[in-house]
Each structure stands twice: as C-alpha cells, then as structure tokens.
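Participant: Got a structure for you, upload.txt, holding compact mmCIF, C-alpha atoms.
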# COMPACT_ATOMS: atom_id res chain seq x y z
CA SER A 792 118.78 98.55 141.05
CA ARG A 793 119.30 102.17 139.96
CA HIS A 794 122.25 103.18 137.78
CA VAL A 795 123.77 106.37 136.43
CA VAL A 796 125.69 106.16 133.16
CA VAL A 797 127.89 108.97 131.81
CA ALA A 798 129.17 109.06 128.23
CA ASP A 799 131.37 111.17 125.96
CA LEU A 800 131.40 111.67 122.20
CA GLU A 801 134.14 109.06 121.69
CA THR A 802 131.88 106.03 122.38
CA ASN A 803 133.04 105.75 126.01
CA SER A 804 130.41 105.19 128.71
CA PHE A 805 130.79 104.39 132.40
CA LYS A 806 128.43 103.37 135.18
CA CYS A 807 128.81 105.21 138.50
CA GLU A 808 127.88 103.38 141.70
CA VAL A 809 128.66 103.56 145.42
CA VAL A 810 128.59 100.17 147.16
CA ILE A 811 128.57 100.07 150.96
CA THR A 812 130.05 96.97 152.64
CA LYS A 813 131.26 95.94 156.06
CA LYS A 814 134.11 93.75 157.17
CA SER A 815 133.14 90.15 157.88
CA ASN A 816 134.63 88.13 160.70
CA SER A 817 137.55 86.01 159.50
CA VAL A 818 137.38 82.27 160.16
CA GLU A 819 140.55 80.61 161.45
CA GLY A 820 142.69 83.40 160.13
CA LYS A 821 141.20 83.23 156.64
CA SER A 822 140.16 86.47 155.03
CA GLU A 823 136.47 86.53 154.13
CA PRO A 824 134.86 88.80 151.53
CA ASP A 825 133.08 91.93 152.71
CA ILE A 826 129.37 91.76 153.53
CA PHE A 827 127.19 93.76 151.14
CA LEU A 828 124.99 96.38 152.83
CA SER A 829 123.58 98.57 150.05
CA ASN A 830 124.38 100.36 146.80
CA PHE A 831 123.54 103.80 145.44
CA PRO A 832 123.82 105.55 142.04
CA CYS A 833 126.24 108.44 141.74
CA SER A 834 127.54 110.93 139.19
CA PRO A 835 131.29 111.56 138.77
CA ALA A 836 133.09 114.90 138.81
CA PHE A 837 134.56 116.78 135.83
CA PHE A 838 137.85 116.92 137.76
CA GLY A 839 140.13 114.44 139.50
CA LYS A 840 140.56 110.80 138.60
CA ALA A 841 136.82 110.42 137.95
CA ASN A 842 136.61 112.78 134.97
CA MET A 843 135.84 111.31 131.57
CA PRO A 844 139.27 111.72 129.88
CA ASN A 845 140.94 109.96 132.81
CA LEU A 846 138.32 107.20 132.79
CA ALA A 847 138.74 106.70 129.04
CA THR A 848 142.51 106.33 129.55
CA SER A 849 142.38 104.09 132.62
CA GLY A 850 139.34 102.05 131.60
CA GLY A 851 137.56 102.89 134.85
CA GLU A 852 138.20 103.46 138.53
CA LEU A 853 137.60 101.41 141.67
CA VAL A 854 138.45 102.90 145.06
CA ARG A 855 137.76 101.46 148.48
CA GLY A 856 138.15 103.11 151.85
CA LEU A 857 136.75 103.32 155.35
CA LEU A 858 133.57 105.36 155.17
CA ARG A 859 133.62 108.50 157.31
CA PRO A 860 130.49 110.61 158.01
CA PRO A 861 130.43 114.39 157.51
CA THR A 862 132.71 115.93 160.14
CA PRO A 863 130.70 117.64 162.93
CA GLY A 864 131.16 121.38 162.63
CA SER A 865 132.66 120.99 159.15
CA GLU A 866 130.00 119.00 157.32
CA LEU A 867 130.55 120.97 154.11
CA GLY A 868 134.21 119.97 153.87
CA CYS A 869 135.31 123.53 153.14
CA ARG A 870 138.36 123.35 155.39
CA PRO A 871 140.96 120.59 155.88
CA PRO A 872 140.21 117.98 158.56
CA ASP A 873 141.76 118.58 161.97
CA GLY A 874 145.43 117.68 161.94
CA ALA A 875 145.63 117.57 158.15
CA SER A 876 147.87 119.87 156.16
CA PRO A 877 146.20 122.31 153.75
CA PHE A 878 146.33 121.48 150.06
CA ASP A 879 149.61 122.73 148.57
CA GLN A 880 149.64 122.91 144.79
CA ASP A 881 153.45 123.14 144.84
CA THR A 882 153.96 119.80 146.58
CA PHE A 883 150.83 117.75 145.89
CA CYS A 884 152.05 116.02 142.74
CA GLN A 885 155.52 115.43 144.18
CA VAL A 886 154.11 112.97 146.73
CA GLU A 887 154.47 109.61 145.01
CA ASP A 888 154.47 107.33 148.05
CA GLU A 889 150.95 105.91 148.14
CA SER A 890 151.51 104.74 151.71
CA THR A 891 151.11 108.37 152.79
CA ALA A 892 147.50 108.42 151.58
CA ASP A 893 144.57 107.84 153.91
CA GLU A 894 142.45 104.82 152.94
CA VAL A 895 139.29 106.76 153.69
CA VAL A 896 136.23 107.78 151.67
CA GLN A 897 134.87 110.97 153.20
CA LEU A 898 131.24 112.09 153.12
CA VAL A 899 130.72 115.86 152.78
CA ARG A 900 127.65 117.95 152.11
CA ARG A 901 127.10 120.32 149.21
CA GLY A 902 127.49 124.07 149.80
CA GLY A 903 129.84 126.61 151.35
CA CYS A 904 132.59 126.27 148.72
CA ASN A 905 133.07 124.83 145.25
CA PHE A 906 133.42 121.10 144.66
CA ILE A 907 137.09 121.17 143.77
CA ARG A 908 137.91 122.90 147.07
CA LYS A 909 136.25 120.04 148.93
CA ALA A 910 138.45 117.57 147.04
CA GLU A 911 141.58 119.63 147.69
CA ASN A 912 140.84 119.73 151.41
CA HIS A 913 140.63 115.92 151.41
CA HIS A 914 143.39 115.29 148.88
CA ARG A 915 144.92 112.51 151.01
CA ASN A 916 141.74 110.44 150.90
CA GLU A 917 140.92 107.65 148.48
CA GLY A 918 137.68 109.34 147.54
CA ILE A 919 135.04 111.93 148.40
CA ILE A 920 131.27 111.47 148.28
CA VAL A 921 129.36 114.77 148.09
CA ILE A 922 125.76 114.69 149.36
CA ASN A 923 123.53 116.94 147.28
CA SER A 924 121.26 119.44 149.04
CA LYS A 925 118.35 118.39 146.82
CA PRO A 926 116.81 115.01 147.70
CA ASN A 927 116.44 113.46 144.24
CA GLU A 928 118.85 115.34 141.98
CA LEU A 929 122.15 114.28 140.42
CA PHE A 930 124.44 116.26 138.13
CA VAL A 931 128.09 116.20 137.08
CA MET A 932 130.21 118.32 139.43
CA ALA A 933 132.37 120.94 137.67
CA GLY A 934 135.76 122.18 138.78
CA ASP A 935 138.11 125.08 138.08
CA LYS A 936 141.36 123.90 136.44
CA SER A 937 142.96 127.36 136.61
CA GLN A 938 145.35 126.14 139.28
CA SER A 939 146.90 123.47 137.04
CA ARG A 940 150.66 123.47 136.57
CA PRO A 941 151.40 122.00 133.14
CA GLU A 942 155.15 122.31 133.59
CA GLU A 943 154.90 119.79 136.44
CA ASP A 944 152.06 117.85 134.79
CA CYS A 945 150.14 118.60 137.98
CA SER A 946 146.50 119.57 137.80
CA SER A 947 143.09 119.02 139.30
CA ASP A 948 143.06 115.70 137.40
CA ASP A 949 145.32 114.31 140.15
CA LEU A 950 142.75 114.86 142.90
CA PRO A 951 140.95 111.86 144.45
CA VAL A 952 137.87 110.26 142.91
CA SER A 953 134.92 112.53 143.69
CA VAL A 954 131.28 111.61 143.12
CA LEU A 955 127.87 113.11 143.93
CA VAL A 956 124.90 111.27 145.45
CA SER A 957 121.39 112.62 145.88
CA GLY A 958 120.38 114.13 149.21
CA GLN A 959 118.05 111.22 149.93
CA ASP A 960 120.72 108.61 149.16
CA GLY A 961 123.32 110.56 151.13
CA ASP A 962 121.08 110.58 154.18
CA SER A 963 120.52 106.83 153.73
CA ILE A 964 124.28 106.22 153.59
CA THR A 965 124.83 108.31 156.73
CA LYS A 966 122.02 106.54 158.57
CA LEU A 967 123.37 103.14 157.56
CA LEU A 968 126.84 104.08 158.82
CA HIS A 969 125.47 105.29 162.18
CA GLU A 970 123.42 102.11 162.60
CA GLU A 971 126.49 99.93 162.05
CA GLU A 972 128.58 102.03 164.44
CA SER A 973 125.85 101.83 167.10
CA GLU A 974 126.25 98.05 166.93
CA GLY A 975 129.99 98.34 167.43
CA ASN A 976 130.96 97.85 163.80
CA TYR A 977 133.40 100.59 162.80
CA LEU A 978 134.73 98.81 159.70
CA VAL A 979 132.21 100.05 157.14
CA TYR A 980 133.61 100.63 153.66
CA ALA A 981 132.57 102.70 150.68
CA ASN A 982 133.46 101.25 147.30
CA ILE A 983 133.24 103.77 144.45
CA LEU A 984 132.89 101.95 141.13
CA LEU A 985 133.23 103.65 137.77
CA THR A 986 132.99 100.71 135.38
CA LYS A 987 133.10 100.74 131.62
CA GLU A 988 129.96 99.73 129.76
CA SER A 989 130.46 97.12 127.02
CA ASP A 990 128.36 95.42 124.35
CA GLU A 991 129.02 92.05 125.95
CA TRP A 992 127.30 93.04 129.20
CA ILE A 993 124.44 95.48 128.88
CA GLU A 994 122.90 97.35 131.78
CA PHE A 995 120.15 99.84 131.31
CA PRO A 996 119.97 102.69 130.65
CA HIS A 997 122.65 101.92 128.04
CA VAL A 998 124.33 105.11 126.82
CA THR A 999 126.75 105.43 123.91
CA GLY A 1000 128.02 108.54 122.20
CA SER A 1001 130.12 109.67 119.25
CA LYS A 1002 130.71 112.91 117.42
CA GLU A 1003 127.89 111.95 115.07
CA ALA A 1004 125.17 110.81 117.51
CA LEU A 1005 124.09 110.03 121.07
CA SER A 1006 122.08 106.92 121.86
CA ILE A 1007 120.15 106.05 125.04
CA LEU A 1008 118.53 102.62 125.24
CA ALA A 1009 115.95 101.60 127.84
CA ARG A 1010 115.21 98.13 129.21
CA ASN A 1011 111.76 97.98 127.57
CA GLY A 1012 113.21 97.74 124.05
CA TRP A 1013 112.85 101.42 123.18
CA GLY A 1014 115.45 104.16 122.98
CA ILE A 1015 116.32 107.65 121.80
CA HIS A 1016 118.83 108.40 119.03
CA ALA A 1017 119.97 112.04 118.94
CA VAL A 1018 121.81 113.56 115.96
CA PRO A 1019 123.31 117.09 116.08
CA GLN A 1020 121.97 119.46 113.44
CA ALA A 1021 124.90 121.81 112.93
CA ASP A 1022 123.44 123.20 109.71
CA THR A 1023 120.44 124.69 111.50
CA GLU A 1024 120.27 128.20 112.89
CA LYS A 1025 119.99 127.02 116.49
CA HIS A 1026 122.50 124.15 116.20
CA GLY A 1027 120.01 121.82 117.88
CA TRP A 1028 119.48 118.08 117.98
CA GLN A 1029 117.14 115.90 115.96
CA LEU A 1030 115.61 113.11 118.08
CA PHE A 1031 114.50 109.69 116.84
CA ILE A 1032 112.50 107.12 118.82
CA THR A 1033 114.03 103.70 118.09
CA GLN A 1034 113.57 100.06 118.99
CA HIS A 1035 116.37 97.67 119.93
CA ASN A 1036 116.84 93.99 120.78
CA LYS A 1037 119.61 94.27 123.34
CA ARG A 1038 119.13 92.38 126.59
CA ALA A 1039 120.69 92.64 130.04
Let me see the file written as structure tokens.
Facilitator:
Amino acid sequence: SRHVVVADLETNSFKCEVVITKKSNSVEGKSEPDIFLSNFPCSPAFFGKANMPNLATSGGELVRGLLRPPTPGSELGCRPPDGASPFDQDTFCQVEDESTADEVVQLVRRGGCNFIRKAENHHRNEGIIVINSKPNELFVMAGDKSQSRPEEDCSSDDLPVSVLVSGQDGDSITKLLHEEESEGNYLVYANILLTKESDEWIEFPHVTGSKEALSILARNGWGIHAVPQADTEKHGWQLFITQHNKRA
C-alpha cells in the first residue's frame, strides 16, 4: 500500500493515512468491528492538531467520524455548513465540552479560500479531508497563525485534524461513499491516522530527521542521507546514496 511519511529535525516521523470503513451488522447485540473498505495516503496540515509540534507532543493522532461528501453548492468549504455557527475566535477555545462536537469527517475541495479558513468553517468536526485539484499531487497545507490569542492559549493549533489527499484519491473516496449510500449504507466512516514511526516497526519509505541530517530509506535496501552544508555560499545539502539492512 502507499504511504506518506512526514518528519521534523528532532527525529520525529509520522505516517499519514485515511482508512475508510463501514459499520458491520451487530450479532445478538454484540458490537462487531468495522468492515475495511479502502485506505489512502494523505499529508497533514501545518496547523491544527495535525501539525508536527502537536504530533510530537501527543505521539500521534487518530480521529474517526462519519464521512460526509463535499456539500452541494459549497464543495470548497469556504463558508460554514447550513445551520452551523461561524467560527468565533473569541469563544472557540472556551468550548471544553466534547459532546458539543460533531463526530463527522468532512470532505472539501481545494480552492476558493485558504486551508485554515476551511478548517475554521468546520471547527466542530472531528476532521477535514481536503481533495487536491491536481490528480496525483500531495503537499503539506500551510496556515496563517496571525489570529492566535496567546493570552488565552488559543490558536490555529486547536483546530480539527486536517489532511490533504490527491485529486484522484479524493474522487475515489467520494465514489466509494456514493456507492455505499446507493446500497442503503449511510454509516461509512473516515479514520484519519497519524501514527509515529519507530525502529521496532519499519514501513517504507522510512524517514528520520535531526538538526544534523535527514535520512530517507527505501524498501529495496537503498536510501538517501542528506547533510546541510551551512558553510557553503548557497547553504545547500550534500547528498549521499547509502545502503541499509532494515526490513519491514
């Protein structure tokens, strides 16, 4: 399966994945595990609970919610859903009762407004999945933290988990959701997993970083080791092709 791994310069690395499941029928009142439908690679945002400093502190994030398709007439997510209150920076962080949150993961499309506005408009949701306009491209979504309120310890870091999927994968997720709904199954869930990479369990590509170097290892036993060259005029990186014996 495909994976996206993000890393910082403090040796932290996390895998980003969206797993789509559906509710299974319970047997004699017993709760059964969800049925796996598909999984897709994603890239996390630089804001909200999915940003790297928050992940390094929490050790990762796992959110689960009913998957909702892009809202007709508001596919870009640039305005709050019907019936929802607009994002209020003065009251957002004062809401501590998690029961007021919507256990929903909302699909929105890229464009029309910046990424952090999309998250603000859906601040009551468990998570937001942004579908890129380009079919095969992923990147880390940036956000403007100018609205943070340090005196209240309230900032864009408190927004829901937001991730990006490629346009092709986003269309596949939407199609899968519509197919399930056409069969009368409206309990389709999106599970957003941001899990910490460890030396005990290796998945490739394996990415680690520090202030001294960045290492990317591939499954075929080869990798790239990058060292910053601060003493050069262009402050570039020196790349080394390496071999390794790590196994999945």
Participant: Do a neighbour search on Cys904 (chain A) at 9 Å with all atoms listed in the file, toss out local chain neighbours closer than 2 positions, and write the hits as a PyMOL selection string.
Facilitator: chain A and resi 867-869+901-902+906-909
Participant: So that I can see what lies close to Val899 (chain A), please list as an NGL selection string the residues with an atom at most 8 Å from it, counting only C-alpha atoms and leaving out residues fewer than 6 positions away in the same chain.
Facilitator: :A and (860-862 or 866-868 or 909 or 919-922)
Participant: Have a look at A:Cys833, A:Ser815, A:Leu853, A:Ser1006 and name the one nearest to Thr986 (chain A); count all atoms listed in the file.
Facilitator: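 So, comparing all the options, the nearest one is A:Leu853.
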Participant: From the list A:Ser849, A:Ser1001, A:Ile983, A:Ile1032, which residue is nearest Ile1015 (chain A) when using all atoms listed in the file?
Facilitator: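 Comparing A:Ser849, A:Ser1001, A:Ile983, A:Ile1032 against Ile1015 (chain A), the winner is A:Ile1032.
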Participant: When distances are computed from all atoms listed in the file, which of A:Leu950, A:Leu858, A:Leu984, A:Gly850 shows the smallest separation from Asn830 (chain A)?
Facilitator: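 Smallest distance to Asn830 (chain A) is found for A:Leu984.
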Participant: Quick one: of A:Gly903, A:Ala841, A:Lys925, A:Glu971, who's nearest to Thr812 (chain A), counting all atoms listed in the file?
Facilitator: A:Glu971
Participant: Identify which of the residues A:Phe827, A:Phe837, A:Phe995, A:Trp1028 lies closest to Ala981 (chain A), counting only C-alpha atoms when measuring atom-to-atom distances.
Facilitator: A:Phe827
Participant: Using Å and a single decimal, report how far CA of Asn803 (chain A) sits from CA of Gln1029 (chain A).
Facilitator: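 Atom-to-atom, CA of Gln1029 (chain A) and CA of Asn803 (chain A) are spaced 21.4 Å apart.
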Participant: Taking (120.9, 102.6, 137.8) in the file's coordinates, which residues come within 9 Å, counting only C-alpha atoms, written as a short mmCIF file (atom, residue, chain, number, x, y, z; two decimals) with C-alpha atoms, in the frame of the given file?
Facilitator:
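File written: selection21.cif
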data_model
loop_
_atom_site.label_atom_id
_atom_site.label_comp_id
_atom_site.auth_asym_id
_atom_site.auth_seq_id
_atom_site.Cartn_x
_atom_site.Cartn_y
_atom_site.Cartn_z
CA SER A 792 118.78 98.55 141.05
CA ARG A 793 119.30 102.17 139.96
CA HIS A 794 122.25 103.18 137.78
CA VAL A 795 123.77 106.37 136.43
CA VAL A 796 125.69 106.16 133.16
CA LYS A 806 128.43 103.37 135.18
CA CYS A 807 128.81 105.21 138.50
CA GLU A 808 127.88 103.38 141.70
CA PHE A 831 123.54 103.80 145.44
CA PRO A 832 123.82 105.55 142.04
CA CYS A 833 126.24 108.44 141.74
CA GLU A 994 122.90 97.35 131.78
CA PHE A 995 120.15 99.84 131.31
CA PRO A 996 119.97 102.69 130.65
#
Participant: Work out how far CA of Ala933 (chain A) is from CA of Pro863 (chain A), in Å to one decimal.
Facilitator: 25.5 Å
Participant: Skipping near chain neighbours, those fewer than 3 positions away, what residues fall within 9 Å of Thr965 (chain A) using all atoms listed in the file, listed as a compact mmCIF listing (two decimals) with C-alpha atoms, keeping the file's coordinate frame?
Facilitator:
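So selection.txt came out as:
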# COMPACT_ATOMS: atom_id res chain seq x y z
CA ARG A 859 133.62 108.50 157.31
CA PRO A 860 130.49 110.61 158.01
CA PRO A 861 130.43 114.39 157.51
CA LEU A 898 131.24 112.09 153.12
CA ASP A 960 120.72 108.61 149.16
CA GLY A 961 123.32 110.56 151.13
CA ASP A 962 121.08 110.58 154.18
CA LEU A 968 126.84 104.08 158.82
CA HIS A 969 125.47 105.29 162.18
CA GLU A 970 123.42 102.11 162.60
Participant: What does the distance from CA of Asn912 (chain A) to CA of Leu955 (chain A) come to in Å, to one decimal?
Facilitator: 16.4 Å
Participant: Using all atoms listed in the file, which protein or nucleic acid residues come within 6 Å of Glu917 (chain A)? Drop anything in the same chain fewer than 5 positions from it, and give the result as a list in words.
Facilitator: Glu894, Val895, Val896 and Pro951 of chain A
Participant: Show me, as a PyMOL selection string, the residues that have an atom within 10 Å of Met843 (chain A) when counting all atoms listed in the file, minus same-chain residues fewer than 5 positions from it.
Facilitator: chain A and resi 797-799+803-805+835-838+848-851
Participant: For a quick check of understanding, using all atoms listed in the file, which of A:Thr1033, A:Ser829, A:Gln897, A:Asn1011 has the smallest distance to Val952 (chain A)?
Facilitator: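 Comparing A:Thr1033, A:Ser829, A:Gln897, A:Asn1011 against Val952 (chain A), the winner is A:Gln897.
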